[in-house]
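Engineer: mmCIF, C-alpha atoms, saved as work-v5.cif, coming up:
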```cif
data_query
loop_
_atom_site.group_PDB
_atom_site.id
_atom_site.type_symbol
_atom_site.label_atom_id
_atom_site.label_comp_id
_atom_site.auth_asym_id
_atom_site.auth_seq_id
_atom_site.Cartn_x
_atom_site.Cartn_y
_atom_site.Cartn_z
ATOM 1 C CA MET U 251 0.000 0.000 0.000
ATOM 2 C CA ALA U 252 2.806 2.395 0.998
ATOM 3 C CA LEU U 253 4.715 1.471 -2.134
ATOM 4 C CA GLY U 254 1.628 2.228 -4.244
ATOM 5 C CA LEU U 255 1.186 5.670 -2.701
ATOM 6 C CA LYS U 256 4.862 6.391 -3.214
ATOM 7 C CA CYS U 257 4.601 5.442 -6.892
ATOM 8 C CA PHE U 258 1.480 7.614 -7.280
ATOM 9 C CA ARG U 259 3.339 10.599 -5.875
ATOM 10 C CA LEU U 260 6.066 10.042 -8.413
ATOM 11 C CA ILE U 261 3.772 9.897 -11.392
ATOM 12 C CA HIS U 262 1.175 12.380 -10.114
ATOM 13 C CA PRO U 263 2.479 15.402 -12.179
ATOM 14 C CA ALA U 264 2.294 13.325 -15.317
ATOM 15 C CA SER U 265 -1.197 12.187 -14.421
ATOM 16 C CA CYS U 266 -2.313 15.795 -14.112
ATOM 17 C CA SER U 267 -0.894 16.656 -17.493
ATOM 18 C CA TYR U 268 -2.545 13.615 -18.987
ATOM 19 C CA LEU U 269 -5.934 14.436 -17.473
ATOM 20 C CA ALA U 270 -5.679 18.021 -18.737
ATOM 21 C CA VAL U 271 -5.546 16.803 -22.299
ATOM 22 C CA LEU U 272 -7.750 13.767 -21.879
ATOM 23 C CA THR U 273 -10.674 15.423 -23.627
ATOM 24 C CA ARG U 274 -8.654 16.306 -26.721
ATOM 25 C CA PRO U 275 -8.885 14.123 -29.830
ATOM 26 C CA VAL U 276 -6.273 11.399 -30.102
ATOM 27 C CA SER U 277 -5.075 12.875 -33.392
ATOM 28 C CA GLU U 278 -4.044 16.059 -31.549
ATOM 29 C CA LEU U 279 -1.924 14.244 -28.947
ATOM 30 C CA THR U 280 1.294 12.332 -28.938
ATOM 31 C CA LEU U 281 2.739 10.245 -26.112
ATOM 32 C CA LYS U 282 6.383 10.756 -25.225
ATOM 33 C CA ARG U 283 8.246 8.273 -23.100
ATOM 34 C CA VAL U 284 10.082 9.836 -20.162
ATOM 35 C CA SER U 285 12.573 7.845 -18.078
ATOM 36 C CA GLY U 286 12.374 8.363 -14.342
ATOM 37 C CA ARG U 287 15.485 8.539 -12.283
ATOM 38 C CA GLN U 288 14.002 6.892 -9.227
ATOM 39 C CA HIS U 289 13.353 3.143 -9.217
ATOM 40 C CA ASP U 290 14.093 3.039 -12.959
ATOM 41 C CA HIS U 291 10.428 3.585 -13.737
ATOM 42 C CA SER U 292 9.127 4.929 -17.040
ATOM 43 C CA GLN U 293 6.143 7.202 -17.626
ATOM 44 C CA TYR U 294 4.303 8.684 -20.636
ATOM 45 C CA MET U 295 3.502 12.342 -21.037
ATOM 46 C CA ALA U 296 0.807 13.694 -23.383
ATOM 47 C CA TYR U 297 1.890 16.533 -25.691
ATOM 48 C CA PRO U 298 0.047 18.396 -28.414
ATOM 49 C CA ALA U 299 0.932 16.993 -31.791
ATOM 50 C CA VAL U 300 0.884 18.509 -35.247
ATOM 51 C CA PRO U 301 -2.823 18.918 -36.195
ATOM 52 C CA ILE U 302 -4.119 16.286 -38.592
ATOM 53 C CA ARG U 303 -6.894 17.279 -40.991
ATOM 54 C CA HIS U 304 -9.641 14.721 -41.384
ATOM 55 C CA PHE U 305 -11.607 14.930 -44.618
ATOM 56 C CA ALA U 306 -15.322 14.305 -44.253
ATOM 57 C CA THR U 307 -16.893 11.622 -46.363
ATOM 58 C CA LYS U 308 -19.844 12.394 -48.614
ATOM 59 C CA LYS U 309 -22.121 10.626 -46.144
ATOM 60 C CA ALA U 310 -20.825 12.745 -43.254
ATOM 61 C CA LYS U 311 -21.203 15.944 -45.287
ATOM 62 C CA ALA U 312 -24.770 15.049 -46.193
ATOM 63 C CA LYS U 313 -25.556 14.300 -42.552
ATOM 64 C CA GLY U 314 -24.080 17.633 -41.464
ATOM 65 C CA LYS U 315 -26.062 19.459 -44.119
ATOM 66 C CA VAL U 316 -29.309 17.896 -42.933
ATOM 67 C CA GLN U 317 -28.531 18.824 -39.349
ATOM 68 C CA SER U 318 -27.741 22.433 -40.303
ATOM 69 C CA GLN U 319 -31.074 22.663 -42.078
ATOM 70 C CA ALA U 320 -33.083 21.465 -39.084
ATOM 71 C CA ARG U 321 -36.400 23.287 -39.109
ATOM 72 C CA VAL U 322 -37.650 25.469 -36.296
ATOM 73 C CA ASN U 323 -41.249 25.268 -35.149
ATOM 74 C CA ILE U 324 -42.021 27.895 -32.525
ATOM 75 C CA ASN U 325 -45.365 28.126 -30.759
ATOM 76 C CA THR U 326 -46.418 31.627 -31.854
ATOM 77 C CA ALA U 327 -48.651 32.037 -28.807
ATOM 78 C CA LEU U 328 -45.615 31.867 -26.518
ATOM 79 C CA ILE U 329 -43.825 34.778 -28.192
ATOM 80 C CA GLU U 330 -46.730 37.012 -29.198
ATOM 81 C CA ASP U 331 -45.561 39.640 -26.692
ATOM 82 C CA ILE U 332 -42.255 39.820 -28.617
ATOM 83 C CA ILE U 333 -43.489 39.598 -32.218
ATOM 84 C CA ASN U 334 -46.635 38.406 -33.960
ATOM 85 C CA LEU U 335 -45.362 35.736 -36.342
ATOM 86 C CA GLU U 336 -48.869 35.065 -37.625
ATOM 87 C CA GLU U 337 -49.029 38.626 -39.003
ATOM 88 C CA VAL U 338 -45.606 38.181 -40.588
ATOM 89 C CA ASP U 339 -46.769 34.928 -42.144
ATOM 90 C CA GLU U 340 -49.902 36.610 -43.535
ATOM 91 C CA GLU U 341 -47.816 39.419 -45.055
ATOM 92 C CA MET U 342 -45.532 36.889 -46.732
ATOM 93 C CA LYS U 343 -48.468 34.886 -48.073
ATOM 94 C CA SER U 344 -50.027 38.071 -49.468
ATOM 95 C CA VAL U 345 -46.913 38.455 -51.663
ATOM 96 C CA ILE U 346 -47.696 35.068 -53.205
ATOM 97 C CA GLU U 347 -51.338 36.027 -53.804
ATOM 98 C CA VAL U 348 -50.359 39.299 -55.495
ATOM 99 C CA LEU U 349 -47.992 37.447 -57.841
ATOM 100 C CA LYS U 350 -50.622 34.812 -58.689
ATOM 101 C CA ASP U 351 -53.162 37.550 -59.395
ATOM 102 C CA ASN U 352 -50.650 39.330 -61.603
ATOM 103 C CA PHE U 353 -49.903 36.145 -63.521
ATOM 104 C CA ASN U 354 -53.587 35.419 -64.091
ATOM 105 C CA LYS U 355 -54.575 38.919 -65.205
ATOM 106 C CA THR U 356 -51.652 40.158 -67.261
ATOM 107 C CA LEU U 357 -49.587 37.190 -68.414
ATOM 108 C CA ASN U 358 -51.712 35.196 -70.806
ATOM 109 C CA ILE U 359 -50.961 33.859 -74.266
ATOM 110 C CA ARG U 360 -54.291 35.154 -75.530
ATOM 111 C CA THR U 361 -54.911 38.807 -74.634
ATOM 112 C CA SER U 362 -58.458 39.421 -73.396
ATOM 113 C CA PRO U 363 -60.328 42.544 -72.240
ATOM 114 C CA GLY U 364 -59.808 41.434 -68.645
ATOM 115 C CA SER U 365 -56.049 41.551 -69.202
ATOM 116 C CA LEU U 366 -56.257 45.336 -69.567
ATOM 117 C CA ASP U 367 -58.504 45.983 -66.570
ATOM 118 C CA HIS U 368 -55.802 46.550 -63.995
ATOM 119 C CA ILE U 369 -53.261 48.404 -66.106
ATOM 120 C CA SER U 370 -52.266 51.365 -63.924
ATOM 121 C CA VAL U 371 -52.822 54.800 -65.508
ATOM 122 C CA VAL U 372 -51.237 57.949 -64.078
ATOM 123 C CA THR U 373 -53.886 60.688 -63.854
ATOM 124 C CA ALA U 374 -54.266 64.048 -62.135
ATOM 125 C CA ASP U 375 -56.029 62.193 -59.312
ATOM 126 C CA GLY U 376 -53.236 59.652 -58.939
ATOM 127 C CA LYS U 377 -52.852 56.144 -60.310
ATOM 128 C CA LEU U 378 -56.111 54.532 -61.412
ATOM 129 C CA ALA U 379 -56.900 51.187 -63.004
ATOM 130 C CA LEU U 380 -57.751 51.428 -66.702
ATOM 131 C CA ASN U 381 -61.197 49.893 -66.155
ATOM 132 C CA GLN U 382 -62.029 52.712 -63.704
ATOM 133 C CA ILE U 383 -61.682 55.426 -66.340
ATOM 134 C CA SER U 384 -62.795 53.595 -69.485
ATOM 135 C CA GLN U 385 -65.068 50.975 -70.999
ATOM 136 C CA ILE U 386 -63.173 47.977 -72.337
ATOM 137 C CA SER U 387 -64.735 45.612 -74.844
ATOM 138 C CA MET U 388 -63.766 42.976 -77.397
ATOM 139 C CA LYS U 389 -64.693 43.930 -80.957
ATOM 140 C CA SER U 390 -63.182 40.820 -82.524
ATOM 141 C CA PRO U 391 -60.710 38.071 -81.616
ATOM 142 C CA GLN U 392 -57.993 40.355 -82.982
ATOM 143 C CA LEU U 393 -59.098 43.726 -81.546
ATOM 144 C CA ILE U 394 -59.910 45.253 -78.137
ATOM 145 C CA LEU U 395 -61.585 48.659 -77.839
ATOM 146 C CA VAL U 396 -60.969 51.049 -74.945
ATOM 147 C CA ASN U 397 -63.557 53.861 -74.826
ATOM 148 C CA MET U 398 -62.244 56.940 -72.991
ATOM 149 C CA ALA U 399 -65.361 59.097 -73.532
ATOM 150 C CA SER U 400 -65.981 59.463 -69.779
ATOM 151 C CA PHE U 401 -62.424 60.674 -69.117
ATOM 152 C CA PRO U 402 -61.130 62.074 -72.414
ATOM 153 C CA GLU U 403 -58.381 64.017 -70.623
ATOM 154 C CA CYS U 404 -56.801 60.684 -69.618
ATOM 155 C CA THR U 405 -56.612 59.295 -73.160
ATOM 156 C CA ALA U 406 -52.931 60.078 -73.708
ATOM 157 C CA ALA U 407 -51.996 58.646 -70.297
ATOM 158 C CA ALA U 408 -54.040 55.494 -71.009
ATOM 159 C CA ILE U 409 -52.259 54.954 -74.334
ATOM 160 C CA LYS U 410 -48.887 55.330 -72.611
ATOM 161 C CA ALA U 411 -49.866 52.882 -69.867
ATOM 162 C CA ILE U 412 -51.093 50.256 -72.363
ATOM 163 C CA ARG U 413 -47.939 50.579 -74.451
ATOM 164 C CA GLU U 414 -45.688 50.243 -71.368
ATOM 165 C CA SER U 415 -47.659 47.398 -69.770
ATOM 166 C CA GLY U 416 -45.149 44.808 -70.962
ATOM 167 C CA MET U 417 -47.875 42.935 -72.857
ATOM 168 C CA ASN U 418 -46.438 43.724 -76.286
ATOM 169 C CA LEU U 419 -49.434 45.942 -77.161
ATOM 170 C CA ASN U 420 -49.365 48.822 -79.654
ATOM 171 C CA PRO U 421 -52.545 50.889 -79.172
ATOM 172 C CA GLU U 422 -53.934 53.233 -81.834
ATOM 173 C CA VAL U 423 -56.152 56.218 -81.033
ATOM 174 C CA GLU U 424 -59.225 57.581 -82.832
ATOM 175 C CA GLY U 425 -60.509 60.543 -80.842
ATOM 176 C CA THR U 426 -61.430 59.102 -77.435
ATOM 177 C CA LEU U 427 -61.462 55.529 -78.733
ATOM 178 C CA ILE U 428 -58.324 53.450 -78.282
ATOM 179 C CA ARG U 429 -57.940 50.452 -80.585
ATOM 180 C CA VAL U 430 -55.701 47.705 -79.230
ATOM 181 C CA PRO U 431 -54.724 45.052 -81.829
ATOM 182 C CA ILE U 432 -54.056 41.665 -80.233
ATOM 183 C CA PRO U 433 -50.566 40.458 -81.170
ATOM 184 C CA LYS U 434 -50.070 37.103 -82.834
ATOM 185 C CA VAL U 435 -48.783 34.337 -80.617
ATOM 186 C CA THR U 436 -45.172 33.925 -81.683
ATOM 187 C CA ARG U 437 -42.181 32.341 -79.986
ATOM 188 C CA GLU U 438 -40.785 35.806 -79.344
ATOM 189 C CA HIS U 439 -44.054 36.869 -77.722
ATOM 190 C CA ARG U 440 -44.041 33.817 -75.459
ATOM 191 C CA GLU U 441 -40.428 34.449 -74.415
ATOM 192 C CA MET U 442 -41.233 38.094 -73.747
ATOM 193 C CA LEU U 443 -44.065 37.037 -71.410
ATOM 194 C CA VAL U 444 -41.727 34.638 -69.608
ATOM 195 C CA LYS U 445 -39.228 37.464 -69.129
ATOM 196 C CA LEU U 446 -42.008 39.637 -67.709
ATOM 197 C CA ALA U 447 -43.047 36.798 -65.373
ATOM 198 C CA LYS U 448 -39.471 36.603 -64.031
ATOM 199 C CA GLN U 449 -39.399 40.375 -63.498
ATOM 200 C CA ASN U 450 -42.658 40.234 -61.545
ATOM 201 C CA THR U 451 -41.339 37.344 -59.469
ATOM 202 C CA ASN U 452 -38.182 39.302 -58.628
ATOM 203 C CA LYS U 453 -40.332 42.257 -57.550
ATOM 204 C CA ALA U 454 -42.301 39.891 -55.326
ATOM 205 C CA LYS U 455 -39.042 38.677 -53.764
ATOM 206 C CA ASP U 456 -38.025 42.295 -53.128
ATOM 207 C CA SER U 457 -41.313 42.826 -51.280
ATOM 208 C CA LEU U 458 -40.658 39.643 -49.316
ATOM 209 C CA ARG U 459 -37.180 40.822 -48.305
ATOM 210 C CA ARG U 460 -38.654 44.075 -46.989
ATOM 211 C CA ILE U 461 -41.183 42.138 -44.907
ATOM 212 C CA ARG U 462 -38.417 39.936 -43.483
ATOM 213 C CA THR U 463 -36.164 42.911 -42.725
ATOM 214 C CA ASN U 464 -38.969 44.784 -40.974
ATOM 215 C CA ALA U 465 -39.800 41.720 -38.879
ATOM 216 C CA VAL U 466 -36.171 41.173 -37.845
ATOM 217 C CA ASN U 467 -35.734 44.868 -36.976
ATOM 218 C CA LYS U 468 -38.852 44.735 -34.827
ATOM 219 C CA LEU U 469 -37.550 41.592 -33.154
ATOM 220 C CA LYS U 470 -34.191 43.175 -32.315
ATOM 221 C CA LYS U 471 -35.954 46.008 -30.495
ATOM 222 C CA SER U 472 -36.901 43.413 -27.856
ATOM 223 C CA LYS U 473 -33.315 42.339 -27.156
ATOM 224 C CA ASP U 474 -33.279 44.223 -23.824
ATOM 225 C CA LYS U 475 -36.051 42.019 -22.415
ATOM 226 C CA THR U 476 -35.420 38.829 -24.406
ATOM 227 C CA SER U 477 -32.471 36.456 -24.316
ATOM 228 C CA GLU U 478 -30.105 36.297 -27.275
ATOM 229 C CA ASP U 479 -30.889 32.608 -27.776
ATOM 230 C CA THR U 480 -34.618 33.352 -28.028
ATOM 231 C CA ILE U 481 -34.061 36.192 -30.502
ATOM 232 C CA ARG U 482 -31.753 33.983 -32.573
ATOM 233 C CA LEU U 483 -34.357 31.217 -32.616
ATOM 234 C CA ILE U 484 -37.186 33.548 -33.651
ATOM 235 C CA GLU U 485 -34.995 35.121 -36.332
ATOM 236 C CA LYS U 486 -34.296 31.637 -37.689
ATOM 237 C CA GLN U 487 -38.038 30.987 -37.787
ATOM 238 C CA ILE U 488 -38.599 34.235 -39.756
ATOM 239 C CA SER U 489 -35.848 33.296 -42.217
ATOM 240 C CA GLN U 490 -37.367 29.848 -42.571
ATOM 241 C CA MET U 491 -40.779 31.383 -43.352
ATOM 242 C CA ALA U 492 -39.168 33.664 -45.944
ATOM 243 C CA ASP U 493 -37.322 30.729 -47.548
ATOM 244 C CA ASP U 494 -40.565 28.754 -47.770
ATOM 245 C CA THR U 495 -42.239 31.728 -49.461
ATOM 246 C CA VAL U 496 -39.390 32.096 -51.961
ATOM 247 C CA ALA U 497 -39.739 28.410 -52.824
ATOM 248 C CA GLU U 498 -43.473 28.919 -53.402
ATOM 249 C CA LEU U 499 -42.831 31.960 -55.625
ATOM 250 C CA ASP U 500 -40.336 29.957 -57.672
ATOM 251 C CA ARG U 501 -42.841 27.133 -57.979
ATOM 252 C CA HIS U 502 -45.519 29.467 -59.388
ATOM 253 C CA LEU U 503 -42.958 30.955 -61.774
ATOM 254 C CA ALA U 504 -42.000 27.481 -63.023
ATOM 255 C CA VAL U 505 -45.665 26.593 -63.620
ATOM 256 C CA LYS U 506 -46.325 29.872 -65.432
ATOM 257 C CA THR U 507 -43.174 29.539 -67.534
ATOM 258 C CA LYS U 508 -44.216 26.085 -68.663
ATOM 259 C CA GLU U 509 -47.696 27.381 -69.501
ATOM 260 C CA LEU U 510 -46.371 30.344 -71.493
ATOM 261 C CA LEU U 511 -43.787 28.412 -73.464
ATOM 262 C CA GLY U 512 -46.270 25.657 -74.206
#
```
Mind turning the file's structure into structure tokens?
Structural biologist:
Amino acid sequence: MALGLKCFRLIHPASCSYLAVLTRPVSELTLKRVSGRQHDHSQYMAYPAVPIRHFATKKAKAKGKVQSQARVNINTALIEDIINLEEVDEEMKSVIEVLKDNFNKTLNIRTSPGSLDHISVVTADGKLALNQISQISMKSPQLILVNMASFPECTAAAIKAIRESGMNLNPEVEGTLIRVPIPKVTREHREMLVKLAKQNTNKAKDSLRRIRTNAVNKLKKSKDKTSEDTIRLIEKQISQMADDTVAELDRHLAVKTKELLG
């Protein structure tokens, strides 16, 4: 027993050094043999070694990627005093609805009177929809008529708005009557509509980014009364909601592109 305690005292400094590095990876340590002068004993000391880089396998990388993309699911009722995530979610969903409405009303292979209804016209009273200041009708499959008799002073502005609508329309005027020939469906026309669909989708994403930024800024105002971990978690939830909305916008764009190109 006494001999054991004596030996422990002799190797105790080494044991401390070893325990200090016990939690380090084996690849970062090297054992060096040290000869003791008393009782011809030998002991091993742990020293830091040259770092060894381990390359992750494809399987490990994929696993890490899945873990980093773990979804957050916060109970909105528990954080409603910090931020109303349901309102944020509704704002983001409204961006999708606006884009879908835009696709349905303005981006069609066959131009119809309804396609012109919501063209925005700049007037002395502000921006107004074309159907609010005119009567739109279909004279033939190749011609739409826009009657500006009720607001003749807006005729020039209406012509400009129709021409700049991105629908490849070239209106002609006869007094207060605007004649809008319907363009033939060509490959170039289809590709032009697809380009317009992408532009509208990018505008929708810009609106989405503003909603996300406003939500995060509002969240950060609560940092004095909310822990950093909670704020970080809620911010991740907001980003996740935004990413889901972007994916939905891209999905609608893909569907519309396929429809337009035929």
Engineer: Do you know which residues the PyMOL selection byres ((chain U and resi 459) around 12) returns on this file, as a compact mmCIF listing (two decimals) with C-alpha atoms, in the coordinates of the input?
Structural biologist:
```txt
# COMPACT_ATOMS: atom_id res chain seq x y z
CA VAL U 338 -45.61 38.18 -40.59
CA GLU U 341 -47.82 39.42 -45.06
CA MET U 342 -45.53 36.89 -46.73
CA VAL U 345 -46.91 38.46 -51.66
CA ASN U 452 -38.18 39.30 -58.63
CA LYS U 453 -40.33 42.26 -57.55
CA ALA U 454 -42.30 39.89 -55.33
CA LYS U 455 -39.04 38.68 -53.76
CA ASP U 456 -38.02 42.30 -53.13
CA SER U 457 -41.31 42.83 -51.28
CA LEU U 458 -40.66 39.64 -49.32
CA ARG U 460 -38.65 44.08 -46.99
CA ILE U 461 -41.18 42.14 -44.91
CA ARG U 462 -38.42 39.94 -43.48
CA THR U 463 -36.16 42.91 -42.72
CA ASN U 464 -38.97 44.78 -40.97
CA ALA U 465 -39.80 41.72 -38.88
CA VAL U 466 -36.17 41.17 -37.84
CA ILE U 488 -38.60 34.24 -39.76
CA SER U 489 -35.85 33.30 -42.22
CA MET U 491 -40.78 31.38 -43.35
CA ALA U 492 -39.17 33.66 -45.94
CA ASP U 493 -37.32 30.73 -47.55
CA THR U 495 -42.24 31.73 -49.46
CA VAL U 496 -39.39 32.10 -51.96
```
Engineer: Which residues match the PyMOL selection byres ((chain U and resi 391-407) around 10) in the file above, as a ChimeraX atom specification?
Structural biologist: /U:360-363,366,370-374,380-390,408-413,421-434
Engineer: Here is a test: counting only C-alpha atoms, which residue of U:Val505, U:Leu349, U:Met417, U:Ile481 is nearest to U:Lys468?
Structural biologist: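 Selected residue with least distance to U:Lys468: U:Ile481.
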Engineer: List the residues selected by the PyMOL selection byres ((chain U and resi 322) around 9) in the file shown, writing them as a ChimeraX atom specification.
Structural biologist: /U:320-321,323-324,483-484,486-487,490
Engineer: For atom CA of U:Gln449 and atom CA of U:Glu337, quote the distance in Å rounded to one decimal.
Structural biologist: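 So the answer is 26.4 Å.
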Engineer: At what distance in Å, to one decimal, does atom CA of U:Leu499 lie from atom CA of U:Gly416?
Structural biologist: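 Atom CA of U:Leu499 lies 20.1 Å from atom CA of U:Gly416.
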Engineer: Check the smallest atom-to-atom distance from each of U:Leu511, U:Ala497, U:Val444, U:Leu378 to U:Leu357 using all atoms listed in the file, then report the winner.
Structural biologist: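 Among the listed residues, the smallest separation from U:Leu357 belongs to U:Val444.
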Engineer: One decimal, in Å: what's the spacing between atom CA of U:Lys350 and atom CA of U:Met442?
Structural biologist: 18.0 Å
Engineer: Counting all atoms listed in the file, figure out which residue out of U:Glu438, U:Glu509, U:Asp500, U:Asp351 gets nearest to U:His368.
Structural biologist: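 Once distances to U:His368 are computed over all atoms listed in the file, the minimum belongs to U:Asp351.
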